[in-house]
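The data block below is target-v9.cif; it holds mmCIF, C-alpha atoms.
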```cif
data_input
#
loop_
_atom_site.label_atom_id
_atom_site.label_comp_id
_atom_site.auth_asym_id
_atom_site.auth_seq_id
_atom_site.Cartn_x
_atom_site.Cartn_y
_atom_site.Cartn_z
CA MET A 1485 0.00 0.00 0.00
CA GLY A 1486 1.46 3.38 -1.11
CA LEU A 1487 1.35 6.67 0.78
CA GLU A 1488 -1.52 8.00 -1.38
CA ASP A 1489 -3.57 4.86 -0.73
CA PHE A 1490 -2.88 5.18 3.01
CA ASP A 1491 -4.00 8.85 3.02
CA LEU A 1492 -7.15 7.91 1.10
CA ARG A 1493 -7.86 5.16 3.60
CA LEU A 1494 -7.54 7.65 6.46
CA GLU A 1495 -10.05 9.99 4.80
CA THR A 1496 -12.64 7.30 4.12
CA SER A 1497 -12.41 5.64 7.54
CA ASN A 1498 -12.86 8.80 9.65
CA GLY A 1499 -9.64 8.02 11.51
CA ASN A 1500 -10.74 4.55 12.67
CA CYS A 1501 -8.58 2.34 10.46
CA GLY A 1502 -6.91 -0.67 11.99
CA ASP A 1503 -3.41 0.50 11.04
CA CYS A 1504 -3.88 3.76 12.95
CA LYS A 1505 -5.04 1.96 16.07
CA VAL A 1506 -2.09 -0.41 15.93
CA HIS A 1507 0.30 2.50 15.47
CA GLU A 1508 -1.25 4.40 18.39
CA ARG A 1509 -1.05 1.30 20.59
CA VAL A 1510 2.61 0.74 19.71
CA CYS A 1511 3.44 4.38 20.49
CA LEU A 1512 1.55 4.16 23.78
CA ASP A 1513 3.34 0.94 24.77
CA GLN A 1514 6.71 2.48 23.91
CA SER A 1515 5.87 5.55 25.98
CA ILE A 1516 4.91 3.39 28.97
CA VAL A 1517 8.11 1.35 28.69
CA GLU A 1518 10.24 4.51 28.48
CA THR A 1519 8.47 5.98 31.51
CA LEU A 1520 9.01 2.79 33.51
CA HIS A 1521 12.70 2.73 32.57
CA LYS A 1522 13.10 6.34 33.72
CA LYS A 1523 11.34 5.61 37.01
CA GLN A 1524 13.45 2.50 37.59
CA LYS A 1525 16.60 4.51 36.88
CA ARG A 1526 15.56 7.24 39.33
CA LEU A 1527 14.65 4.61 41.92
CA GLY A 1528 18.02 2.94 41.47
CA GLU A 1529 19.81 6.28 41.87
CA PHE A 1530 17.76 7.03 44.98
CA GLU A 1531 18.58 3.64 46.50
CA GLN A 1532 22.28 4.25 45.85
CA LYS A 1533 22.07 7.62 47.61
CA VAL A 1534 20.32 6.04 50.60
CA LEU A 1535 22.96 3.32 50.80
CA PHE A 1536 25.69 5.96 50.66
CA LEU A 1537 24.12 7.92 53.52
CA GLN A 1538 23.63 4.76 55.57
CA ALA A 1539 27.19 3.52 55.03
CA LEU A 1540 28.89 4.56 58.27
CA GLU A 1541 32.15 3.03 59.43
CA PRO A 1542 32.10 2.05 62.16
CA SER A 1543 28.35 1.50 62.22
CA PRO A 1544 26.26 3.06 65.02
CA LEU A 1545 25.37 -0.54 65.89
CA SER A 1546 29.01 -1.35 66.50
CA ALA A 1547 30.61 -1.29 69.94
CA ASP A 1548 33.49 0.66 68.32
CA PHE A 1549 31.25 3.59 67.41
CA ARG A 1550 32.06 6.80 69.31
CA GLY A 1551 30.48 10.22 69.73
CA ASP A 1552 30.23 13.23 72.01
CA VAL A 1553 27.12 11.96 73.81
CA THR A 1554 26.95 8.82 75.95
CA LEU A 1555 23.62 7.08 76.52
CA VAL A 1556 23.53 4.73 79.50
CA GLY A 1557 20.67 2.30 80.02
CA CYS A 1558 19.72 0.02 82.86
CA ASP A 1559 22.49 -2.45 81.97
CA GLU A 1560 25.10 0.32 82.48
CA GLU A 1561 26.65 -0.27 79.03
CA ALA A 1562 27.58 2.93 77.20
CA VAL A 1563 26.07 3.69 73.80
CA PHE A 1564 27.59 6.60 71.89
CA ALA A 1565 26.07 9.14 69.52
CA HIS A 1566 26.68 12.66 68.22
CA ARG A 1567 24.95 15.66 69.73
CA PHE A 1568 23.91 17.26 66.43
CA ILE A 1569 22.36 14.02 65.12
CA LEU A 1570 20.25 13.40 68.22
CA ALA A 1571 19.26 17.06 68.48
CA GLY A 1572 18.23 17.08 64.83
CA LYS A 1573 15.90 14.11 65.25
CA SER A 1574 14.38 14.82 68.65
CA LEU A 1575 13.14 18.01 70.32
CA VAL A 1576 13.66 16.34 73.69
CA PHE A 1577 17.30 15.61 72.91
CA ARG A 1578 17.68 19.12 71.51
CA LYS A 1579 16.64 20.66 74.82
CA MET A 1580 18.73 18.23 76.86
CA LEU A 1581 21.86 18.69 74.77
CA ASP A 1582 21.59 22.42 74.12
CA THR A 1583 24.68 24.62 74.42
CA ASP A 1584 25.25 26.75 77.49
CA ALA A 1585 24.56 30.48 77.76
CA ASN A 1586 27.90 31.40 76.11
CA GLY A 1587 27.22 29.17 73.11
CA LYS A 1588 29.93 26.70 74.07
CA ASP A 1589 29.36 22.97 73.89
CA LYS A 1590 29.06 21.18 77.19
CA GLY A 1591 31.51 18.52 76.06
CA ASN A 1592 30.85 14.83 76.33
CA GLU A 1593 27.51 14.47 78.05
CA VAL A 1594 26.00 11.43 79.71
CA VAL A 1595 22.26 10.78 79.35
CA ARG A 1596 20.74 8.06 81.52
CA VAL A 1597 17.79 6.22 80.03
CA ASP A 1598 16.00 4.19 82.69
CA GLY A 1599 14.18 1.08 81.54
CA ALA A 1600 16.11 0.66 78.29
CA THR A 1601 19.03 -1.67 77.59
CA SER A 1602 22.03 -0.97 75.39
CA PRO A 1603 20.72 -3.07 72.44
CA VAL A 1604 17.54 -0.97 72.42
CA LEU A 1605 19.49 2.29 72.63
CA ARG A 1606 21.77 1.21 69.79
CA LEU A 1607 18.77 0.57 67.55
CA VAL A 1608 17.39 4.01 68.41
CA VAL A 1609 20.74 5.68 67.70
CA ASN A 1610 21.17 3.74 64.45
CA TYR A 1611 17.71 4.84 63.30
CA CYS A 1612 18.59 8.49 63.96
CA TYR A 1613 21.59 8.12 61.65
CA THR A 1614 20.22 5.84 58.94
CA ALA A 1615 16.38 5.71 59.19
CA ASP A 1616 16.83 1.92 59.22
CA ILE A 1617 15.89 -0.49 61.97
CA ARG A 1618 15.77 -4.24 62.45
CA PHE A 1619 14.14 -5.38 65.64
CA THR A 1620 15.71 -8.26 67.54
CA GLU A 1621 14.91 -10.44 70.51
CA ASP A 1622 17.14 -8.21 72.66
CA ALA A 1623 15.61 -5.06 71.20
CA PRO A 1624 11.92 -5.70 70.44
CA ALA A 1625 9.59 -3.11 68.95
CA GLU A 1626 7.81 -2.66 72.30
CA LYS A 1627 10.97 -1.43 74.05
CA VAL A 1628 12.06 0.71 71.13
CA LEU A 1629 8.61 2.33 71.06
CA GLU A 1630 8.97 3.33 74.71
CA VAL A 1631 12.26 5.12 74.00
CA ALA A 1632 10.93 6.69 70.79
CA HIS A 1633 7.97 8.08 72.71
CA LYS A 1634 10.07 9.25 75.64
CA PHE A 1635 12.41 11.25 73.42
CA GLY A 1636 9.86 12.33 70.84
CA ILE A 1637 11.09 10.62 67.66
CA PRO A 1638 7.89 10.40 65.58
CA GLY A 1639 9.32 8.54 62.58
CA LEU A 1640 10.69 5.76 64.76
CA LYS A 1641 7.49 5.68 66.78
CA ALA A 1642 5.47 5.12 63.59
CA VAL A 1643 7.78 2.29 62.51
CA CYS A 1644 7.35 0.57 65.88
CA GLU A 1645 3.58 0.89 65.75
CA SER A 1646 3.49 -0.57 62.24
CA GLU A 1647 5.55 -3.52 63.43
CA LEU A 1648 3.35 -4.18 66.46
CA LEU A 1649 -0.09 -3.82 64.90
CA THR A 1650 0.63 -6.58 62.37
CA SER A 1651 1.09 -9.27 65.01
CA ILE A 1652 -1.68 -8.69 67.55
CA ASN A 1653 -3.00 -11.88 69.14
CA LYS A 1654 -4.71 -13.10 72.30
CA GLU A 1655 -1.37 -13.50 74.07
CA ASN A 1656 -0.17 -9.93 73.62
CA PHE A 1657 -3.12 -7.65 72.95
CA CYS A 1658 -3.57 -6.68 76.61
CA SER A 1659 0.08 -5.75 77.15
CA ARG A 1660 0.14 -3.88 73.86
CA LEU A 1661 -3.05 -2.05 74.77
CA ILE A 1662 -1.36 -0.79 77.95
CA LEU A 1663 1.74 0.12 75.92
CA ALA A 1664 -0.35 1.99 73.35
CA HIS A 1665 -1.99 3.99 76.14
CA MET A 1666 1.33 4.80 77.83
CA CYS A 1667 3.04 5.83 74.58
CA GLU A 1668 0.02 7.60 73.06
CA ALA A 1669 0.20 5.24 70.09
CA GLY A 1670 -3.10 5.95 68.37
CA ASP A 1671 -2.72 3.58 65.41
CA LEU A 1672 -1.76 0.68 67.65
CA ASN A 1673 -4.61 1.43 70.05
CA ALA A 1674 -7.12 1.50 67.18
CA ALA A 1675 -5.81 -1.79 65.78
CA ILE A 1676 -6.16 -3.48 69.17
CA ALA A 1677 -9.69 -2.14 69.60
CA LYS A 1678 -10.57 -3.55 66.18
CA TYR A 1679 -9.04 -6.90 67.13
CA ILE A 1680 -11.03 -7.05 70.39
CA LYS A 1681 -14.26 -6.28 68.59
CA ALA A 1682 -13.57 -8.96 65.96
CA THR A 1683 -12.81 -11.58 68.65
CA PHE A 1684 -15.06 -10.22 71.37
CA ASP A 1685 -16.31 -13.54 72.76
CA GLU A 1686 -12.76 -14.74 73.31
CA SER A 1687 -11.24 -11.39 74.25
CA TYR A 1688 -13.87 -10.25 76.74
CA THR A 1689 -12.80 -12.68 79.47
CA ILE A 1690 -9.14 -11.78 79.01
CA VAL A 1691 -9.89 -8.07 79.18
CA ALA A 1692 -12.01 -8.54 82.29
CA GLU A 1693 -9.33 -10.56 84.08
CA ARG A 1694 -6.26 -8.53 83.13
CA LEU A 1695 -7.46 -4.97 82.73
CA CYS A 1696 -10.62 -4.36 84.71
CA LYS A 1697 -9.40 -5.38 88.18
CA PRO A 1698 -6.49 -2.95 88.75
CA LEU A 1699 -7.93 0.51 89.39
CA VAL A 1700 -4.89 2.12 87.82
CA LEU A 1701 -5.95 0.70 84.45
CA ALA A 1702 -9.46 2.10 84.56
CA PRO A 1703 -8.64 5.01 82.18
CA ILE A 1704 -7.33 2.52 79.62
CA VAL A 1705 -10.54 0.51 79.73
CA THR A 1706 -12.63 3.67 79.40
CA GLU A 1707 -10.61 4.74 76.36
CA LEU A 1708 -10.95 1.27 74.86
CA LYS A 1709 -14.74 1.38 75.22
CA SER A 1710 -14.80 4.67 73.33
CA ASP A 1711 -12.67 3.22 70.53
CA LEU A 1712 -14.91 0.16 70.26
CA GLU A 1713 -17.98 2.37 69.87
CA LEU A 1714 -16.35 4.19 66.95
CA ILE A 1715 -15.69 1.01 64.96
CA PRO A 1716 -18.55 0.31 62.47
CA ARG A 1717 -20.45 -2.90 63.03
#
```

What does the file become when written as structure tokens?
Amino acid sequence: MGLEDFDLRLETSNGNCGDCKVHERVCLDQSIVETLHKKQKRLGEFEQKVLFLQALEPSPLSADFRGDVTLVGCDEEAVFAHRFILAGKSLVFRKMLDTDANGKDKGNEVVRVDGATSPVLRLVVNYCYTADIRFTEDAPAEKVLEVAHKFGIPGLKAVCESELLTSINKENFCSRLILAHMCEAGDLNAAIAKYIKATFDESYTIVAERLCKPLVLAPIVTELKSDLELIPR
């Protein structure tokens, strides 16, 4: 088919010829492929940048890591960090580690963190440097959440909540409900309330035995009742 025949075919078919549709589809597919390649390239470049920023030697998780701030937990093992990193990630740390009236650094400062062990503190410090965290048996999400809440690190707090709300069961929902209340973890609290409502016959007895007796937990139960009422039936 010559060019004149093709033009004539376009005129007589009102732009609906099969060849045109095939050509448009090929162009569209090529455009999609090119767009995907560009996105994959940008994603690869972004991942390389993240890896570069996370590549610290020695690692904050290493016992050889040093800094101008010393965190000491209940096991009395020192965990080191840098003042400007902690202050940049936490308003609480910023106030604690602020310079003196003359603008001079206070030097190496020791911060005691009651209730947290060195493995937990190392995970917290590592997250402040790299935005990466891998929970372990020695440093579970529950303990990291407590420290994240205490020092006001919202990104880490959100990561801990996400980890905890995916594994709620009858063995841990009561303890996690108390934790959610203590740490003002709204997403975790809502997930537990939803779990209780979905398994109410089984959960009711557990809630009654573990939460309703101690008077100190009365506010938690009241808050839970409110959350249950908000969940659609």

| request: Take atom CA of A:Glu1560 and atom CA of A:Leu1648 and report the distance between them in Å, one decimal. | output: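 It comes out at 27.4 Å.
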
| message | as a PyMOL selection string, please: the residues near stretch 1564-1571 of chain A (cut-off 6 Å, only C-alpha atoms, same-chain neighbours under 3 positions excluded). | response | chain A and resi 1550-1554+1574+1577-1578

| Spatial neighbours of A:Leu1640, 9 Å, only C-alpha atoms, chain gap at least 5 places, as a PyMOL selection string | chain A and resi 1608+1611-1612+1615+1617+1628-1629+1632-1633+1645

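The space between atom CA of A:Asp1622 and atom CA of A:Ser1543 spans 18.1 Å.
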
| request: Write out as a list in words the residues lying within 9 Å of A:Lys1627, counting only C-alpha atoms and excluding same-chain residues fewer than 5 positions away. | output: Gly1599, Ala1600, Thr1601, Val1604 and Ala1632 of chain A

| task | For atom CA of A:Ser1659 and atom CA of A:Gly1636, quote the distance in Å rounded to one decimal. | result |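 Atom CA of A:Ser1659 sits 21.5 Å away from atom CA of A:Gly1636.
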
| task | Measuring atom to atom with all atoms listed in the file, identify which of A:Val1594, A:Leu1607, A:Val1576, A:Ala1642 is nearest to A:Glu1668. | result | A:Ala1642

List as a tab-separated table (two decimals) with C-alpha atoms, in the frame of the given file the protein and nucleic acid residues near A:Tyr1679, meaning an atom at most 12 Å away when all atoms listed in the file are counted, but skip any in the same chain fewer than 3 places from it.
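Output file out_10.tsv follows:
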```
chain	number	residue	atom	x	y	z
A	1649	LEU	CA	-0.09	-3.82	64.90
A	1650	THR	CA	0.63	-6.58	62.37
A	1651	SER	CA	1.09	-9.27	65.01
A	1652	ILE	CA	-1.68	-8.69	67.55
A	1653	ASN	CA	-3.00	-11.88	69.14
A	1654	LYS	CA	-4.71	-13.10	72.30
A	1656	ASN	CA	-0.17	-9.93	73.62
A	1657	PHE	CA	-3.12	-7.65	72.95
A	1658	CYS	CA	-3.57	-6.68	76.61
A	1660	ARG	CA	0.14	-3.88	73.86
A	1661	LEU	CA	-3.05	-2.05	74.77
A	1672	LEU	CA	-1.76	0.68	67.65
A	1673	ASN	CA	-4.61	1.43	70.05
A	1674	ALA	CA	-7.12	1.50	67.18
A	1675	ALA	CA	-5.81	-1.79	65.78
A	1676	ILE	CA	-6.16	-3.48	69.17
A	1682	ALA	CA	-13.57	-8.96	65.96
A	1683	THR	CA	-12.81	-11.58	68.65
A	1684	PHE	CA	-15.06	-10.22	71.37
A	1685	ASP	CA	-16.31	-13.54	72.76
A	1686	GLU	CA	-12.76	-14.74	73.31
A	1687	SER	CA	-11.24	-11.39	74.25
A	1688	TYR	CA	-13.87	-10.25	76.74
A	1708	LEU	CA	-10.95	1.27	74.86
A	1711	ASP	CA	-12.67	3.22	70.53
A	1712	LEU	CA	-14.91	0.16	70.26
A	1715	ILE	CA	-15.69	1.01	64.96
```

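Proximity of A:Arg1618, A:Met1666, A:Val1556, A:Leu1520 to A:Cys1644, computed with all atoms listed in the file, is greatest for A:Arg1618.
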
| said: At a cut-off of 12 Å around the point (31.6, 1.4, 69.0) (file coordinates), what residues fall inside when counting all atoms listed in the file? I'd like the answer as JSON, numbers by chain. | reply: {"A": [1540, 1541, 1542, 1543, 1544, 1545, 1546, 1547, 1548, 1549, 1550, 1551, 1554, 1561, 1562, 1563, 1564, 1565, 1602, 1606, 1609, 1610]}

Please return stretch 1610-1621 of chain A, rebuilt to N, CA and C atoms, as a short mmCIF file (atom, residue, chain, number, x, y, z; two decimals), keeping the file's coordinate frame.
```cif
data_model
loop_
_atom_site.label_atom_id
_atom_site.label_comp_id
_atom_site.auth_asym_id
_atom_site.auth_seq_id
_atom_site.Cartn_x
_atom_site.Cartn_y
_atom_site.Cartn_z
N ASN A 1610 20.97 4.12 65.86
CA ASN A 1610 21.17 3.74 64.45
C ASN A 1610 20.06 4.31 63.58
N TYR A 1611 18.82 4.29 64.07
CA TYR A 1611 17.71 4.84 63.30
C TYR A 1611 17.89 6.34 63.08
N CYS A 1612 18.37 7.04 64.09
CA CYS A 1612 18.59 8.49 63.96
C CYS A 1612 19.63 8.81 62.89
N TYR A 1613 20.57 7.92 62.68
CA TYR A 1613 21.59 8.12 61.65
C TYR A 1613 21.15 7.64 60.28
N THR A 1614 20.45 6.52 60.22
CA THR A 1614 20.22 5.84 58.94
C THR A 1614 18.76 5.67 58.53
N ALA A 1615 17.81 5.95 59.44
CA ALA A 1615 16.38 5.71 59.19
C ALA A 1615 16.11 4.24 58.89
N ASP A 1616 16.97 3.37 59.42
CA ASP A 1616 16.83 1.92 59.22
C ASP A 1616 16.80 1.24 60.58
N ILE A 1617 15.95 0.22 60.70
CA ILE A 1617 15.89 -0.49 61.97
C ILE A 1617 15.49 -1.93 61.74
N ARG A 1618 16.10 -2.82 62.50
CA ARG A 1618 15.77 -4.24 62.45
C ARG A 1618 15.64 -4.73 63.89
N PHE A 1619 14.41 -4.98 64.27
CA PHE A 1619 14.14 -5.38 65.64
C PHE A 1619 14.71 -6.77 65.90
N THR A 1620 15.13 -6.98 67.14
CA THR A 1620 15.71 -8.26 67.54
C THR A 1620 15.06 -8.73 68.83
N GLU A 1621 15.43 -9.92 69.25
CA GLU A 1621 14.91 -10.44 70.51
C GLU A 1621 15.38 -9.59 71.69
#
```
